[in-house]
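Raw contents of structure-v4.cif, mmCIF, C-alpha atoms and all ligand atoms:
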```cif
data_target
loop_
_atom_site.label_atom_id
_atom_site.label_comp_id
_atom_site.auth_asym_id
_atom_site.auth_seq_id
_atom_site.Cartn_x
_atom_site.Cartn_y
_atom_site.Cartn_z
CA MET A 207 130.06 104.53 90.27
CA ILE A 208 130.24 102.85 93.63
CA ALA A 209 128.99 104.43 96.84
CA PRO A 210 131.33 106.62 98.89
CA VAL A 211 132.31 105.17 102.28
CA LYS A 212 132.81 107.74 105.03
CA PHE A 213 133.88 107.17 108.61
CA GLY A 214 132.16 109.00 111.48
CA PHE A 215 128.65 110.42 111.93
CA LYS A 216 129.88 113.84 110.81
CA ALA A 217 129.57 112.55 107.24
CA LEU A 218 125.83 112.19 107.81
CA SER A 219 125.21 115.77 108.89
CA GLN A 220 127.42 116.97 106.06
CA PHE A 221 125.44 114.90 103.56
CA PHE A 222 122.13 116.38 104.71
CA LYS A 223 123.54 119.92 104.61
CA THR A 224 124.10 119.54 100.89
CA HIS A 225 121.14 117.32 99.91
CA SER A 226 117.48 118.03 100.48
CA TYR A 227 114.70 115.45 100.47
CA THR A 228 110.93 115.66 100.78
CA SER A 229 111.09 113.06 103.55
CA VAL A 230 113.60 110.96 105.43
CA ILE A 231 112.71 107.44 106.51
CA VAL A 232 114.79 105.23 108.78
CA LEU A 233 114.56 101.44 108.47
CA ALA A 234 115.70 99.57 111.57
CA ASP A 235 114.96 96.48 113.69
CA GLU A 236 114.17 96.26 117.41
CA ASN A 237 117.87 96.02 118.35
CA THR A 238 119.13 98.85 116.20
CA ILE A 239 116.21 101.03 117.30
CA LYS A 240 117.20 100.48 120.89
CA HIS A 241 120.98 100.69 120.57
CA CYS A 242 121.82 102.62 117.41
CA LEU A 243 119.04 105.07 116.61
CA PRO A 244 119.81 107.27 119.66
CA LEU A 245 123.39 107.64 118.41
CA ILE A 246 122.48 108.95 114.95
CA LYS A 247 119.43 111.09 115.75
CA SER A 248 121.34 114.35 116.07
CA SER A 249 123.09 113.82 112.72
CA ILE A 250 119.99 113.40 110.54
CA PRO A 251 116.89 115.54 109.81
CA ALA A 252 113.42 114.76 111.19
CA PHE A 253 112.42 111.29 110.05
CA THR A 254 109.74 108.63 110.15
CA LEU A 255 110.64 105.16 111.32
CA ILE A 256 109.92 101.77 109.78
CA ARG A 257 110.49 98.98 112.25
CA ILE A 258 110.96 95.39 111.14
CA LYS A 259 111.81 92.26 113.11
CA SER A 260 115.47 91.27 113.30
CA GLY A 261 116.87 88.05 111.85
CA GLU A 262 117.61 86.36 108.55
CA LYS A 263 114.14 84.80 108.36
CA ASN A 264 112.75 88.29 107.96
CA LYS A 265 114.89 89.07 104.91
CA SER A 266 111.81 88.07 102.96
CA LEU A 267 109.30 89.21 100.37
CA GLN A 268 106.71 89.56 103.13
CA THR A 269 108.92 92.09 104.92
CA CYS A 270 109.46 93.94 101.62
CA GLU A 271 105.69 94.28 101.25
CA PHE A 272 105.50 95.69 104.75
CA ILE A 273 108.29 98.18 103.98
CA TRP A 274 106.74 99.29 100.67
CA GLN A 275 103.33 99.64 102.34
CA SER A 276 104.88 101.71 105.13
CA LEU A 277 106.58 103.94 102.57
CA ILE A 278 103.27 104.50 100.79
CA LYS A 279 101.44 105.10 104.09
CA GLY A 280 104.13 107.60 105.12
CA LYS A 281 103.63 109.39 101.75
CA ALA A 282 107.17 108.76 100.58
CA ASP A 283 107.77 110.00 97.04
CA ARG A 284 110.54 109.76 94.50
CA ASN A 285 112.45 112.47 96.32
CA SER A 286 112.44 110.67 99.67
CA ILE A 287 115.48 108.95 101.13
CA LEU A 288 115.65 105.71 103.10
CA ILE A 289 118.33 105.30 105.78
CA ASN A 290 119.11 101.65 106.46
CA LEU A 291 120.30 101.39 110.05
CA GLY A 292 121.38 97.88 110.90
CA GLY A 293 123.34 94.79 110.01
CA GLY A 294 123.47 93.01 106.67
CA VAL A 295 119.82 91.98 106.85
CA ILE A 296 118.68 95.62 107.08
CA THR A 297 121.10 96.95 104.45
CA ASP A 298 120.27 94.08 102.04
CA ILE A 299 116.49 94.37 102.33
CA GLY A 300 116.45 98.16 102.75
CA GLY A 301 118.67 98.66 99.71
CA PHE A 302 116.43 96.34 97.68
CA CYS A 303 113.18 98.01 98.77
CA ALA A 304 114.58 101.47 98.06
CA SER A 305 115.96 100.42 94.68
CA SER A 306 112.57 99.12 93.56
CA PHE A 307 110.18 101.59 95.24
CA MET A 308 108.83 103.95 92.54
CA ARG A 309 111.63 102.61 90.30
CA GLY A 310 114.25 103.62 92.80
CA ILE A 311 114.72 106.18 95.56
CA ASP A 312 117.96 107.27 97.24
CA PHE A 313 119.23 105.35 100.24
CA ILE A 314 122.03 105.53 102.78
CA HIS A 315 123.54 102.60 104.65
CA ILE A 316 124.60 102.97 108.26
CA PRO A 317 125.95 99.50 109.04
CA THR A 318 125.81 98.56 112.72
CA THR A 319 127.49 95.14 112.70
CA ILE A 320 130.99 94.04 111.76
CA ILE A 321 129.67 92.10 108.76
CA GLY A 322 127.62 95.12 107.76
CA MET A 323 130.60 97.46 107.94
CA ALA A 324 133.25 95.26 106.35
CA ASP A 325 131.11 93.50 103.80
CA ALA A 326 127.34 93.75 103.38
CA SER A 327 126.98 97.52 103.03
CA ILE A 328 129.81 97.75 100.49
CA GLY A 329 129.46 96.94 96.80
CA GLY A 330 125.84 97.57 95.90
CA LYS A 331 124.42 94.06 96.19
CA THR A 332 120.95 94.21 97.72
CA GLY A 333 118.37 91.50 98.08
CA ILE A 334 116.22 89.03 99.94
CA ASP A 335 115.97 85.28 100.40
CA PHE A 336 113.24 83.58 98.39
CA ASN A 337 111.78 80.05 98.26
CA GLY A 338 114.35 78.95 100.82
CA PHE A 339 117.32 80.19 98.79
CA LYS A 340 119.72 82.89 99.90
CA ASN A 341 119.69 86.24 98.12
CA MET A 342 117.59 84.87 95.24
CA ILE A 343 115.85 88.17 94.45
CA GLY A 344 117.74 91.45 94.42
CA SER A 345 119.48 94.16 92.52
CA PHE A 346 122.77 95.93 92.08
CA SER A 347 122.07 99.38 93.50
CA GLN A 348 124.47 101.85 94.99
CA ALA A 349 123.78 103.78 98.18
CA ARG A 350 124.30 107.55 98.13
CA LEU A 351 126.50 107.18 101.19
CA ILE A 352 127.83 104.45 103.45
CA CYS A 353 128.51 105.89 106.88
CA ILE A 354 130.58 103.76 109.25
CA ASP A 355 130.93 104.74 112.89
CA PHE A 356 132.62 102.23 115.17
CA SER A 357 130.80 103.48 118.28
CA LEU A 358 127.80 101.48 117.01
CA LEU A 359 129.60 98.19 117.64
CA LYS A 360 129.68 98.61 121.44
CA THR A 361 126.36 96.85 121.91
CA LEU A 362 126.86 94.04 119.39
CA ALA A 363 126.56 90.57 120.98
CA GLN A 364 129.70 88.49 121.33
CA ARG A 365 128.28 85.68 119.17
CA GLN A 366 127.64 88.15 116.33
CA LYS A 367 131.17 89.53 116.64
CA VAL A 368 132.80 86.11 116.49
CA ALA A 369 130.61 85.02 113.57
CA ALA A 370 131.75 88.11 111.67
CA SER A 371 135.36 87.01 111.93
CA SER A 372 134.77 84.56 109.08
CA GLU A 373 134.12 87.36 106.55
CA LEU A 374 137.18 89.21 107.82
CA PHE A 375 139.30 86.06 107.63
CA LYS A 376 138.01 85.50 104.09
CA HIS A 377 139.19 88.99 103.12
CA ALA A 378 142.53 88.32 104.79
CA LEU A 379 143.03 84.93 103.06
CA LEU A 380 142.42 86.55 99.71
CA GLN A 381 144.89 89.33 100.48
CA GLY A 382 147.79 87.07 101.43
CA SER A 383 149.55 85.25 104.25
CA LYS A 384 150.58 88.41 106.12
CA GLU A 385 146.94 89.41 106.56
CA ALA A 386 145.83 85.84 107.29
CA LYS A 387 148.37 85.53 110.11
CA ILE A 388 146.61 88.28 112.07
CA HIS A 389 143.62 85.94 112.43
CA LEU A 390 145.72 82.94 113.41
CA SER A 391 147.53 84.72 116.25
CA LYS A 392 144.58 84.54 118.67
CA SER A 393 140.85 83.99 118.80
CA PHE A 394 138.72 86.86 117.54
CA LYS A 395 137.22 87.22 121.04
CA GLU A 396 140.62 88.45 122.18
CA PHE A 397 140.90 91.17 119.53
CA SER A 398 140.83 94.65 121.05
CA ASN A 399 138.38 97.24 119.68
CA LYS A 400 141.27 98.93 117.90
CA GLU A 401 142.33 95.65 116.29
CA ILE A 402 138.74 95.00 115.17
CA GLU A 403 138.51 98.49 113.70
CA ASN A 404 141.76 97.94 111.82
CA VAL A 405 140.64 94.67 110.24
CA ILE A 406 137.29 96.23 109.31
CA LYS A 407 139.08 99.15 107.64
CA LYS A 408 141.27 96.73 105.70
CA GLY A 409 138.18 94.74 104.68
CA VAL A 410 136.44 97.91 103.48
CA LYS A 411 139.49 98.92 101.46
CA PHE A 412 139.90 95.46 99.96
CA LYS A 413 136.24 95.02 99.02
CA THR A 414 135.99 98.57 97.67
CA SER A 415 139.00 97.99 95.43
CA LEU A 416 137.43 94.85 93.95
CA VAL A 417 133.95 96.24 93.40
CA THR A 418 135.35 99.41 91.85
CA LEU A 419 136.88 97.25 89.12
CA ASP A 420 134.00 94.78 88.85
CA SER A 421 130.79 96.25 90.24
CA LYS A 422 128.46 93.71 88.54
CA ASP A 423 130.36 90.61 89.69
CA LYS A 424 131.53 89.50 86.25
CA ASN A 425 135.12 88.58 87.06
CA ILE A 426 137.46 89.49 89.95
CA ARG A 427 134.68 90.20 92.44
CA ALA A 428 133.90 86.48 92.28
CA GLN A 429 136.72 85.79 94.75
CA LEU A 430 134.53 87.23 97.51
CA ASN A 431 132.39 84.12 97.14
CA LEU A 432 135.13 82.11 98.82
CA GLY A 433 133.43 79.92 101.44
CA HIS A 434 129.99 81.00 100.23
CA THR A 435 129.00 78.20 97.82
CA LEU A 436 128.84 75.63 100.62
CA GLY A 437 128.39 78.27 103.33
CA HIS A 438 125.14 79.56 101.82
CA ALA A 439 123.90 75.98 101.43
CA TYR A 440 124.46 75.34 105.16
CA GLU A 441 122.84 78.67 106.01
CA SER A 442 119.73 77.93 103.92
CA TYR A 443 119.54 74.36 105.25
CA PHE A 444 119.54 75.56 108.85
CA LEU A 445 117.09 78.34 108.04
CA GLN A 446 114.66 75.86 106.45
CA SER A 447 114.93 73.48 109.40
CA GLY A 448 114.35 76.27 111.92
CA ARG A 449 117.78 75.96 113.56
CA THR A 450 119.84 79.08 114.10
CA LEU A 451 123.12 79.34 112.29
CA LEU A 452 124.36 82.88 111.78
CA HIS A 453 125.56 83.93 108.33
CA GLY A 454 129.15 84.23 109.56
CA GLU A 455 128.96 80.82 111.27
CA ALA A 456 127.75 79.25 108.02
CA ILE A 457 130.56 80.92 106.09
CA ALA A 458 133.08 79.57 108.59
CA LEU A 459 131.80 76.06 107.78
CA GLY A 460 131.89 76.91 104.07
CA LEU A 461 135.50 78.11 104.29
CA LEU A 462 136.49 74.89 106.02
CA ALA A 463 134.69 72.62 103.55
CA GLU A 464 135.92 74.49 100.48
CA THR A 465 139.49 74.52 101.78
CA PHE A 466 139.18 70.75 102.20
CA ILE A 467 138.30 70.48 98.49
CA ALA A 468 141.10 72.88 97.52
CA HIS A 469 143.62 70.81 99.40
CA THR A 470 142.32 67.30 98.61
CA TYR A 471 141.73 67.78 94.89
CA TYR A 472 143.87 70.78 93.98
CA GLN A 473 147.17 72.38 94.96
CA LEU A 474 146.34 74.15 98.22
CA PRO A 475 149.27 73.38 100.58
CA TYR A 476 148.59 71.14 103.57
CA GLN A 477 149.79 73.87 105.94
CA THR A 478 147.13 76.32 104.70
CA PHE A 479 144.48 73.65 105.18
CA LEU A 480 145.78 73.02 108.72
CA ASN A 481 145.72 76.76 109.41
CA MET A 482 142.07 76.80 108.39
CA VAL A 483 141.21 73.95 110.78
CA PHE A 484 143.21 75.71 113.53
CA TRP A 485 141.38 79.02 112.88
CA TYR A 486 137.99 77.28 112.98
CA ASP A 487 138.76 75.57 116.28
CA LEU A 488 140.06 78.78 117.75
CA ASN A 489 136.81 80.62 117.12
CA PHE A 490 133.89 78.23 116.68
CA ILE A 491 132.16 75.24 118.18
CA LYS A 492 131.04 73.10 115.30
CA PRO A 493 127.27 72.54 115.15
CA GLN A 494 125.96 68.98 114.93
CA LEU A 495 126.08 68.06 111.24
CA ARG A 496 125.87 64.26 111.34
CA GLN A 497 122.11 64.07 110.75
CA ILE A 498 122.30 66.49 107.86
CA ASN A 499 120.55 65.36 104.72
CA PHE A 500 123.26 65.50 102.05
CA ASN A 501 120.75 65.51 99.18
CA SER A 502 119.14 68.68 100.50
CA ILE A 503 122.48 70.44 100.79
CA GLU A 504 123.39 69.27 97.31
CA SER A 505 120.19 70.64 95.79
CA LEU A 506 120.76 73.92 97.63
CA VAL A 507 124.24 74.13 96.14
CA LEU A 508 122.82 73.50 92.68
CA LYS A 509 120.35 76.39 93.09
CA ASP A 510 123.17 78.76 94.00
CA LYS A 511 123.50 81.79 91.75
CA LYS A 512 127.13 80.86 91.11
CA VAL A 513 126.05 77.67 89.35
CA ASN A 514 125.94 77.87 85.55
CA LYS A 515 124.14 75.20 83.54
CA SER A 516 124.41 72.74 86.44
CA GLU A 517 128.16 73.24 86.60
CA ILE A 518 129.18 74.16 90.12
CA ASN A 519 131.92 76.73 89.84
CA MET A 520 133.64 77.18 93.15
CA VAL A 521 136.17 79.79 94.21
CA LEU A 522 139.14 77.87 95.56
CA LEU A 523 142.31 79.09 97.20
CA GLU A 524 145.55 78.04 95.53
CA GLU A 525 147.52 79.61 98.34
CA GLU A 526 146.96 82.65 100.54
CA GLY A 527 146.47 85.62 98.22
CA LYS A 528 145.77 83.45 95.14
CA TRP A 529 142.47 81.97 93.99
CA LYS A 530 140.84 80.37 90.98
CA LEU A 531 137.42 79.29 89.81
CA GLU A 532 137.05 75.50 89.40
CA PRO A 533 134.17 73.31 88.26
CA ILE A 534 133.43 71.00 91.17
CA THR A 535 131.81 67.58 91.03
CA LYS A 536 129.02 66.32 93.27
CA THR A 537 131.42 63.67 94.62
CA GLN A 538 133.83 66.35 95.75
CA ILE A 539 131.00 68.16 97.52
CA ARG A 540 129.90 64.95 99.23
CA GLU A 541 133.47 64.31 100.38
CA ALA A 542 133.67 67.81 101.82
CA LEU A 543 130.31 67.48 103.60
CA ASN A 544 131.40 64.12 104.99
CA PHE A 545 134.65 65.61 106.19
CA LEU A 546 132.78 68.37 108.03
CA ALA A 547 130.25 65.99 109.53
CA GLY A 548 133.02 63.85 110.97
CA PHE A 549 135.45 66.63 111.85
N1 LIG A 601 125.11 92.44 100.20
C1 LIG A 601 126.27 91.88 100.45
O1 LIG A 601 127.24 92.07 99.71
C2 LIG A 601 126.41 91.02 101.67
C3 LIG A 601 127.70 90.64 102.11
C4 LIG A 601 127.80 89.89 103.29
C5 LIG A 601 126.66 89.54 103.99
N2 LIG A 601 125.44 89.90 103.52
C6 LIG A 601 124.19 89.55 104.25
O2 LIG A 601 124.27 90.12 105.54
C7 LIG A 601 123.45 89.35 106.43
C8 LIG A 601 124.22 89.11 107.71
O3 LIG A 601 124.50 90.35 108.30
P1 LIG A 601 124.71 90.54 109.87
O4 LIG A 601 125.64 89.51 110.36
O5 LIG A 601 125.05 91.97 110.07
O6 LIG A 601 123.28 90.15 110.46
P2 LIG A 601 122.00 90.93 111.00
O7 LIG A 601 121.66 92.09 110.16
O8 LIG A 601 120.97 89.88 111.21
O9 LIG A 601 122.47 91.48 112.43
C9 LIG A 601 122.78 90.59 113.45
C10 LIG A 601 121.98 90.83 114.73
O10 LIG A 601 122.58 91.90 115.45
C11 LIG A 601 121.58 92.88 115.79
N3 LIG A 601 122.29 94.15 115.79
C12 LIG A 601 122.71 94.83 114.70
N4 LIG A 601 123.46 95.88 115.07
C13 LIG A 601 123.50 95.87 116.42
C14 LIG A 601 124.15 96.69 117.37
N5 LIG A 601 124.95 97.71 117.00
N6 LIG A 601 123.99 96.40 118.68
C15 LIG A 601 123.22 95.34 119.06
N7 LIG A 601 122.60 94.51 118.21
C16 LIG A 601 122.76 94.77 116.89
C17 LIG A 601 120.51 92.72 114.76
O11 LIG A 601 119.28 93.19 115.24
C18 LIG A 601 120.52 91.20 114.55
O12 LIG A 601 119.78 90.58 115.55
C19 LIG A 601 123.09 88.07 105.70
O13 LIG A 601 121.77 88.15 105.26
C20 LIG A 601 124.04 88.08 104.49
O14 LIG A 601 123.49 87.39 103.39
C21 LIG A 601 125.29 90.65 102.38
ZN ZN A 602 128.93 86.64 103.38
#
```

Would you kindly transcribe this structure into C-alpha cells?
Amino acid sequence: MIAPVKFGFKALSQFFKTHSYTSVIVLADENTIKHCLPLIKSSIPAFTLIRIKSGEKNKSLQTCEFIWQSLIKGKADRNSILINLGGGVITDIGGFCASSFMRGIDFIHIPTTIIGMADASIGGKTGIDFNGFKNMIGSFSQARLICIDFSLLKTLAQRQKVAASSELFKHALLQGSKEAKIHLSKSFKEFSNKEIENVIKKGVKFKTSLVTLDSKDKNIRAQLNLGHTLGHAYESYFLQSGRTLLHGEAIALGLLAETFIAHTYYQLPYQTFLNMVFWYDLNFIKPQLRQINFNSIESLVLKDKKVNKSEINMVLLEEEGKWKLEPITKTQIREALNFLAGF
C-alpha cells in the first residue's frame, strides 16, 4: 500500500488524535527549523528535534549515523515516529533512517519544497548517496502520512523554485502536450502561487497513479526516470567536484540531453526537441560544461541503478505523453554531452 497524501496541516493533528507513539522526533535542517517548524508546532505532539545540515552533500552515510545516534540518545524505540520536515534531502534520508532503525519505525513526510511535494515525498523511495553515486543505498518504505501544506513554500528561495520546474515539466511531458504547454507559456518565475499549487497537485496525482500500479519500480514507474540517467550523472559530477548544481538544475540538463538523443536517433519530432530547448532557455542559465571530463560522466552513467549488465537503458520520449525504454550506446551519450557542452 502506498502512503496517503493529505493537504493541509489539519491532517497532522487528525493523525495524532488517532495514533499514539512513545515519542515523536522531528528531523529538519537549519532552514526548515527556521522557516517551517514554527508552522507545524501546533499540529503535532511534544517532540524532540534532530538537526542536520542542509544540502545534497549531507545526504550521506555519515549523516545517517548521526541520525541513528540521536535516535538512540533520545531513547527512541520501535513505537516512536520520525517526522521528516524538509525538502527531498530530508525526506530521502529521514525515510531511510526510519526504515532501518530497529528494523523500521513509522515516519511522516512533511515536504517543504516543490520537489519534495510533487516528487520526492511520494512513492516510497528513500535513500542516500554513496561513494559519489546518487541514491546508491536505500529502501522502498512507505510513510504513514504525507502532509502537504502550501504555506510552507513562502520562504523557499527563487533558485530552488525554478530548479523544481524541471521535475514538474517532466511530469507534464509524460502526461501529454496539453500539460507540457503550460510550462512553455512563460518562465516558471512568472507562475503565480495558485498556478504553482495546481501543477504540484497534478504532479502528485500523476506520480501517485504510477506508483500505485508499480510501487517497486518494475515497469511503468520507470518513465519517471526521464531526464535522470544523464541528469544524475551531471549532479554527481558537480557534487564530486565541489560545484553547486541543484538536483532540479541537473535534471533540466538531463532532459535536454536525453531529448537530443530521442530526436537525433529515434522518432521524437523536431518540434518537441525545439520546445525543450525553448523551455530550458526560458528558465535556466546553462552552467559551464566545456571543461567537463566526458569519461567521468560516462562512468557515472554506467554506475546508474538503471543500467543492467552494462546496457544503458534510457527512458526516451517518443512524443509528449508517450515514452519507451531504449538501450543507448556510449557514442550516443558522447554526442549528447557534446551537444550540451556546445549549446
Ligand atoms: N525519493 C524520490 O522519489 C525523489 C524524487 C525526486 C527527488 N529526490 C531527491 O530530492 C533531493 C532534492 O530535493 P529538494 O530540491 O527539495 O532539495 P533540498 O532538500 O536540498 O532542499 C533545498 C534547499 O531548500 C531549503 N528549504 C527547504 N524547504 C524550505 C522552505 N520551506 N523555506 C526555505 N528553505 C527551504 C533546504 O534547507 C535546502 O537548502 C535530491 O536529493 C533528490 O535525489 C528524491
Ligand atoms: Zn528527480

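The set of protein, DNA and RNA residues with any counted atom at most 8 Å from (108.4, 113.5, 98.4) (only C-alpha atoms) reads Tyr227, Thr228, Ser229, Lys281, Ala282, Asp283, Arg284, Asn285 and Ser286 of chain A.
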
Around (126.3, 65.7, 93.3) in the file's own coordinates, what residues are found within 12 Å if you use all atoms listed in the file, given back as a list in words?
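Final list of nearby residues, as requested, is Phe500, Asn501, Ser502, Ile503, Glu504, Ser505, Leu506, Val507, Leu508, Ser516, Glu517, Ile518, Ile534, Thr535, Lys536, Thr537, Gln538, Ile539, Arg540, Glu541, Ala542 and Leu543 of chain A.
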
So which one's closest to Gly548 of chain A, A:Leu522, A:Leu531, A:Met207, A:Ala463? Using all atoms listed in the file, please.
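The shortest atom-to-atom distance to Gly548 of chain A comes from A:Ala463.
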
Just give me the gap between atom CA of Ile231 of chain A and atom CA of Met342 of chain A in Å, one decimal is fine.
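Computed distance, atom CA of Ile231 of chain A to atom CA of Met342 of chain A, equals 25.7 Å.
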
Quick one: of A:Ile258, A:Met482, A:Leu233, A:Ile320, who's nearest to Gly300 of chain A, counting only C-alpha atoms?
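Residue with the minimum atom-to-atom distance to Gly300 of chain A: A:Leu233.
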